[in-house]
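Okay, so here's the structure we're looking at.
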Amino acid sequence: MLIVTKVYDTDCDICLHMSKHDRATFESYPEIAYQEVLLDDVINHNQDMTKLRLYQCLDRHATNPDYTIDLPAYVFLTKQEKYKGHLIGAATIQELRDKIQECLNESTQTV
């Protein structure tokens, strides 16, 4: 089981574009739990452990050299909150599916 969290901003045009197909794509996989959270809520996590973990994953794996982050950011975690991967920015449905398969395959190999 993977948990995929979309980190987005309401003023992000790419986030809006991706919302046309990202939820449906992720929810078509029974082994994926999909959720969305605003970037501001991740940054101001107030010690919420899930949001803090997302913040740490983004900081470690998805931050640009100028300490910005491209949105949307999809963070792939196991139920135990182990980082499995991320995808940032615009992506096609096929690119989303490819990343899902990559993370699912990796998860089954390491169990």
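In the structure tokens, each chain is lettered A, B, ... as it comes, each chain's residues begin at 1, and ligands are numbered from 1 in order of appearance.
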Practice problem: Give me every strand (DSSP E) residue in chain A, going by DSSP on the backbone, as a list of chain:residue names. | Solution: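 Secondary structure check on chain A, strand (DSSP E): A:Leu2, A:Ile3, A:Val4, A:Thr5, A:Lys6, A:Val7, A:Tyr8, A:Ile32, A:Ala33, A:Tyr34, A:Gln35, A:Glu36, A:Val37, A:Leu38, A:Ala73, A:Tyr74, A:Val75, A:Phe76, A:Leu77, A:Thr78, A:Tyr83, A:Lys84, A:Gly85, A:His86, A:Leu87, A:Ile88.
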Keeping only C-alpha atoms, write the selected residues as a PDB file, in the first residue's frame.
```pdb
ATOM      1  CA  LEU A   2       1.274   3.436  -0.964  1.00  0.00           C
ATOM      2  CA  ILE A   3       0.082   6.824   0.168  1.00  0.00           C
ATOM      3  CA  VAL A   4       0.434   9.507  -2.482  1.00  0.00           C
ATOM      4  CA  THR A   5       0.109  13.097  -1.331  1.00  0.00           C
ATOM      5  CA  LYS A   6      -0.267  15.944  -3.787  1.00  0.00           C
ATOM      6  CA  VAL A   7       1.275  19.123  -2.406  1.00  0.00           C
ATOM      7  CA  TYR A   8      -0.175  22.079  -4.293  1.00  0.00           C
ATOM      8  CA  ILE A  32      -2.916   3.623  -3.508  1.00  0.00           C
ATOM      9  CA  ALA A  33      -4.409   6.012  -0.983  1.00  0.00           C
ATOM     10  CA  TYR A  34      -4.485   9.523  -2.459  1.00  0.00           C
ATOM     11  CA  GLN A  35      -4.700  12.808  -0.584  1.00  0.00           C
ATOM     12  CA  GLU A  36      -4.050  16.470  -1.249  1.00  0.00           C
ATOM     13  CA  VAL A  37      -2.545  19.136   1.002  1.00  0.00           C
ATOM     14  CA  LEU A  38      -1.742  22.795   0.485  1.00  0.00           C
ATOM     15  CA  ALA A  73       4.680  17.720  -5.921  1.00  0.00           C
ATOM     16  CA  TYR A  74       3.448  14.163  -5.534  1.00  0.00           C
ATOM     17  CA  VAL A  75       5.126  12.398  -2.622  1.00  0.00           C
ATOM     18  CA  PHE A  76       5.000   8.595  -2.495  1.00  0.00           C
ATOM     19  CA  LEU A  77       5.227   7.061   1.003  1.00  0.00           C
ATOM     20  CA  THR A  78       4.516   3.655   2.470  1.00  0.00           C
ATOM     21  CA  TYR A  83       9.848   7.619   1.305  1.00  0.00           C
ATOM     22  CA  LYS A  84       9.426   5.787  -2.017  1.00  0.00           C
ATOM     23  CA  GLY A  85       9.700   8.631  -4.513  1.00  0.00           C
ATOM     24  CA  HIS A  86       8.256  11.841  -5.805  1.00  0.00           C
ATOM     25  CA  LEU A  87       7.116  13.470  -9.021  1.00  0.00           C
ATOM     26  CA  ILE A  88       7.030  17.232  -9.526  1.00  0.00           C
TER      27      ILE A  88
END
```
Considering only alpha helix (DSSP H) as DSSP defines it on the backbone, what residues of chain A qualify? List them as an mmCIF file with N, CA and C atoms, in the first residue's frame.
```
data_model
loop_
_atom_site.group_PDB
_atom_site.id
_atom_site.type_symbol
_atom_site.label_atom_id
_atom_site.label_comp_id
_atom_site.auth_asym_id
_atom_site.auth_seq_id
_atom_site.Cartn_x
_atom_site.Cartn_y
_atom_site.Cartn_z
ATOM 1 N N ASP A 13 -1.056 27.354 -11.736
ATOM 2 C CA ASP A 13 -1.744 26.948 -12.968
ATOM 3 C C ASP A 13 -1.481 25.485 -13.310
ATOM 4 N N ILE A 14 -0.271 25.020 -13.082
ATOM 5 C CA ILE A 14 0.047 23.615 -13.377
ATOM 6 C C ILE A 14 -0.718 22.700 -12.421
ATOM 7 N N CYS A 15 -0.847 23.110 -11.173
ATOM 8 C CA CYS A 15 -1.619 22.329 -10.206
ATOM 9 C C CYS A 15 -3.071 22.196 -10.678
ATOM 10 N N LEU A 16 -3.623 23.286 -11.149
ATOM 11 C CA LEU A 16 -4.989 23.277 -11.661
ATOM 12 C C LEU A 16 -5.096 22.357 -12.875
ATOM 13 N N HIS A 17 -4.143 22.462 -13.792
ATOM 14 C CA HIS A 17 -4.124 21.602 -14.976
ATOM 15 C C HIS A 17 -4.040 20.127 -14.575
ATOM 16 N N MET A 18 -3.170 19.803 -13.639
ATOM 17 C CA MET A 18 -2.982 18.413 -13.220
ATOM 18 C C MET A 18 -4.223 17.862 -12.513
ATOM 19 N N ASP A 22 -5.160 13.910 -12.267
ATOM 20 C CA ASP A 22 -4.315 13.222 -11.283
ATOM 21 C C ASP A 22 -5.114 12.368 -10.300
ATOM 22 N N ARG A 23 -6.162 12.913 -9.710
ATOM 23 C CA ARG A 23 -6.944 12.159 -8.723
ATOM 24 C C ARG A 23 -7.504 10.870 -9.338
ATOM 25 N N ALA A 24 -8.103 10.990 -10.507
ATOM 26 C CA ALA A 24 -8.688 9.811 -11.160
ATOM 27 C C ALA A 24 -7.622 8.763 -11.465
ATOM 28 N N THR A 25 -6.443 9.217 -11.874
ATOM 29 C CA THR A 25 -5.355 8.283 -12.178
ATOM 30 C C THR A 25 -4.914 7.545 -10.924
ATOM 31 N N PHE A 26 -4.644 8.264 -9.858
ATOM 32 C CA PHE A 26 -4.193 7.618 -8.621
ATOM 33 C C PHE A 26 -5.273 6.737 -8.011
ATOM 34 N N GLU A 27 -6.512 7.199 -8.045
ATOM 35 C CA GLU A 27 -7.593 6.430 -7.426
ATOM 36 C C GLU A 27 -7.974 5.196 -8.231
ATOM 37 N N LEU A 39 0.522 23.537 0.090
ATOM 38 C CA LEU A 39 1.926 23.770 0.421
ATOM 39 C C LEU A 39 2.052 24.562 1.720
ATOM 40 N N ASP A 40 1.240 25.583 1.896
ATOM 41 C CA ASP A 40 1.302 26.389 3.127
ATOM 42 C C ASP A 40 1.061 25.529 4.373
ATOM 43 N N ASP A 41 0.180 24.539 4.276
ATOM 44 C CA ASP A 41 -0.087 23.660 5.413
ATOM 45 C C ASP A 41 1.098 22.754 5.710
ATOM 46 N N VAL A 42 1.862 22.403 4.685
ATOM 47 C CA VAL A 42 3.063 21.581 4.886
ATOM 48 C C VAL A 42 4.161 22.431 5.520
ATOM 49 N N ILE A 43 4.332 23.648 5.004
ATOM 50 C CA ILE A 43 5.366 24.548 5.542
ATOM 51 C C ILE A 43 5.067 24.896 7.000
ATOM 52 N N MET A 49 2.608 15.410 12.586
ATOM 53 C CA MET A 49 3.659 14.480 12.174
ATOM 54 C C MET A 49 3.590 14.109 10.689
ATOM 55 N N THR A 50 2.407 13.988 10.141
ATOM 56 C CA THR A 50 2.273 13.655 8.713
ATOM 57 C C THR A 50 2.775 14.803 7.853
ATOM 58 N N LYS A 51 2.367 16.013 8.196
ATOM 59 C CA LYS A 51 2.808 17.175 7.426
ATOM 60 C C LYS A 51 4.291 17.444 7.628
ATOM 61 N N LEU A 52 4.784 17.188 8.819
ATOM 62 C CA LEU A 52 6.215 17.331 9.081
ATOM 63 C C LEU A 52 7.000 16.337 8.221
ATOM 64 N N ARG A 53 6.525 15.107 8.119
ATOM 65 C CA ARG A 53 7.198 14.095 7.291
ATOM 66 C C ARG A 53 7.189 14.527 5.822
ATOM 67 N N LEU A 54 6.079 15.055 5.345
ATOM 68 C CA LEU A 54 6.015 15.562 3.975
ATOM 69 C C LEU A 54 7.028 16.686 3.770
ATOM 70 N N TYR A 55 7.078 17.599 4.731
ATOM 71 C CA TYR A 55 8.031 18.708 4.670
ATOM 72 C C TYR A 55 9.456 18.179 4.569
ATOM 73 N N GLN A 56 9.787 17.198 5.406
ATOM 74 C CA GLN A 56 11.140 16.634 5.399
ATOM 75 C C GLN A 56 11.450 15.949 4.065
ATOM 76 N N CYS A 57 10.503 15.219 3.525
ATOM 77 C CA CYS A 57 10.711 14.548 2.229
ATOM 78 C C CYS A 57 10.912 15.554 1.111
ATOM 79 N N LEU A 58 10.088 16.581 1.088
ATOM 80 C CA LEU A 58 10.232 17.605 0.059
ATOM 81 C C LEU A 58 11.563 18.332 0.197
ATOM 82 N N ASP A 59 11.917 18.664 1.431
ATOM 83 C CA ASP A 59 13.174 19.361 1.677
ATOM 84 C C ASP A 59 14.367 18.521 1.227
ATOM 85 N N ARG A 60 14.346 17.256 1.515
ATOM 86 C CA ARG A 60 15.464 16.373 1.214
ATOM 87 C C ARG A 60 15.528 15.970 -0.261
ATOM 88 N N HIS A 61 14.373 15.756 -0.891
ATOM 89 C CA HIS A 61 14.368 15.130 -2.215
ATOM 90 C C HIS A 61 13.884 16.012 -3.359
ATOM 91 N N ILE A 93 -0.693 11.503 -18.016
ATOM 92 C CA ILE A 93 -1.279 10.360 -17.313
ATOM 93 C C ILE A 93 -0.309 9.191 -17.354
ATOM 94 N N GLN A 94 0.335 8.977 -18.499
ATOM 95 C CA GLN A 94 1.280 7.866 -18.617
ATOM 96 C C GLN A 94 2.477 8.052 -17.681
ATOM 97 N N GLU A 95 2.970 9.272 -17.545
ATOM 98 C CA GLU A 95 4.085 9.523 -16.621
ATOM 99 C C GLU A 95 3.660 9.250 -15.174
ATOM 100 N N LEU A 96 2.433 9.618 -14.824
ATOM 101 C CA LEU A 96 1.928 9.307 -13.484
ATOM 102 C C LEU A 96 1.878 7.797 -13.285
ATOM 103 N N ARG A 97 1.328 7.093 -14.267
ATOM 104 C CA ARG A 97 1.227 5.629 -14.169
ATOM 105 C C ARG A 97 2.598 4.975 -14.088
ATOM 106 N N ASP A 98 3.550 5.474 -14.871
ATOM 107 C CA ASP A 98 4.904 4.913 -14.835
ATOM 108 C C ASP A 98 5.515 5.059 -13.442
ATOM 109 N N LYS A 99 5.341 6.233 -12.825
ATOM 110 C CA LYS A 99 5.887 6.465 -11.479
ATOM 111 C C LYS A 99 5.178 5.583 -10.450
ATOM 112 N N ILE A 100 3.867 5.432 -10.599
ATOM 113 C CA ILE A 100 3.112 4.562 -9.703
ATOM 114 C C ILE A 100 3.656 3.141 -9.791
ATOM 115 N N GLN A 101 3.821 2.635 -11.000
ATOM 116 C CA GLN A 101 4.317 1.270 -11.190
ATOM 117 C C GLN A 101 5.721 1.108 -10.622
ATOM 118 N N GLU A 102 6.561 2.102 -10.861
ATOM 119 C CA GLU A 102 7.926 2.062 -10.326
ATOM 120 C C GLU A 102 7.904 1.948 -8.808
ATOM 121 N N CYS A 103 7.104 2.756 -8.146
ATOM 122 C CA CYS A 103 7.027 2.737 -6.678
ATOM 123 C C CYS A 103 6.365 1.466 -6.166
ATOM 124 N N LEU A 104 5.328 0.995 -6.842
ATOM 125 C CA LEU A 104 4.666 -0.236 -6.419
ATOM 126 C C LEU A 104 5.600 -1.429 -6.583
ATOM 127 N N ASN A 105 6.317 -1.483 -7.693
ATOM 128 C CA ASN A 105 7.259 -2.581 -7.917
ATOM 129 C C ASN A 105 8.354 -2.578 -6.872
ATOM 130 N N GLU A 106 8.864 -1.393 -6.563
ATOM 131 C CA GLU A 106 9.911 -1.273 -5.544
ATOM 132 C C GLU A 106 9.384 -1.717 -4.181
ATOM 133 N N SER A 107 8.146 -1.347 -3.879
ATOM 134 C CA SER A 107 7.562 -1.700 -2.586
ATOM 135 C C SER A 107 7.404 -3.211 -2.447
ATOM 136 N N THR A 108 7.006 -3.889 -3.498
ATOM 137 C CA THR A 108 6.819 -5.331 -3.403
ATOM 138 C C THR A 108 8.149 -6.064 -3.356
ATOM 139 N N GLN A 109 9.188 -5.480 -3.936
ATOM 140 C CA GLN A 109 10.513 -6.120 -3.926
ATOM 141 C C GLN A 109 11.190 -5.998 -2.563
#
```
Self-check item: Point-to-point distance in Å for atom CA of Asn44 of chain A and atom CA of Met1 of chain A
Solution: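 Interatomic distance here is 27.2 Å.
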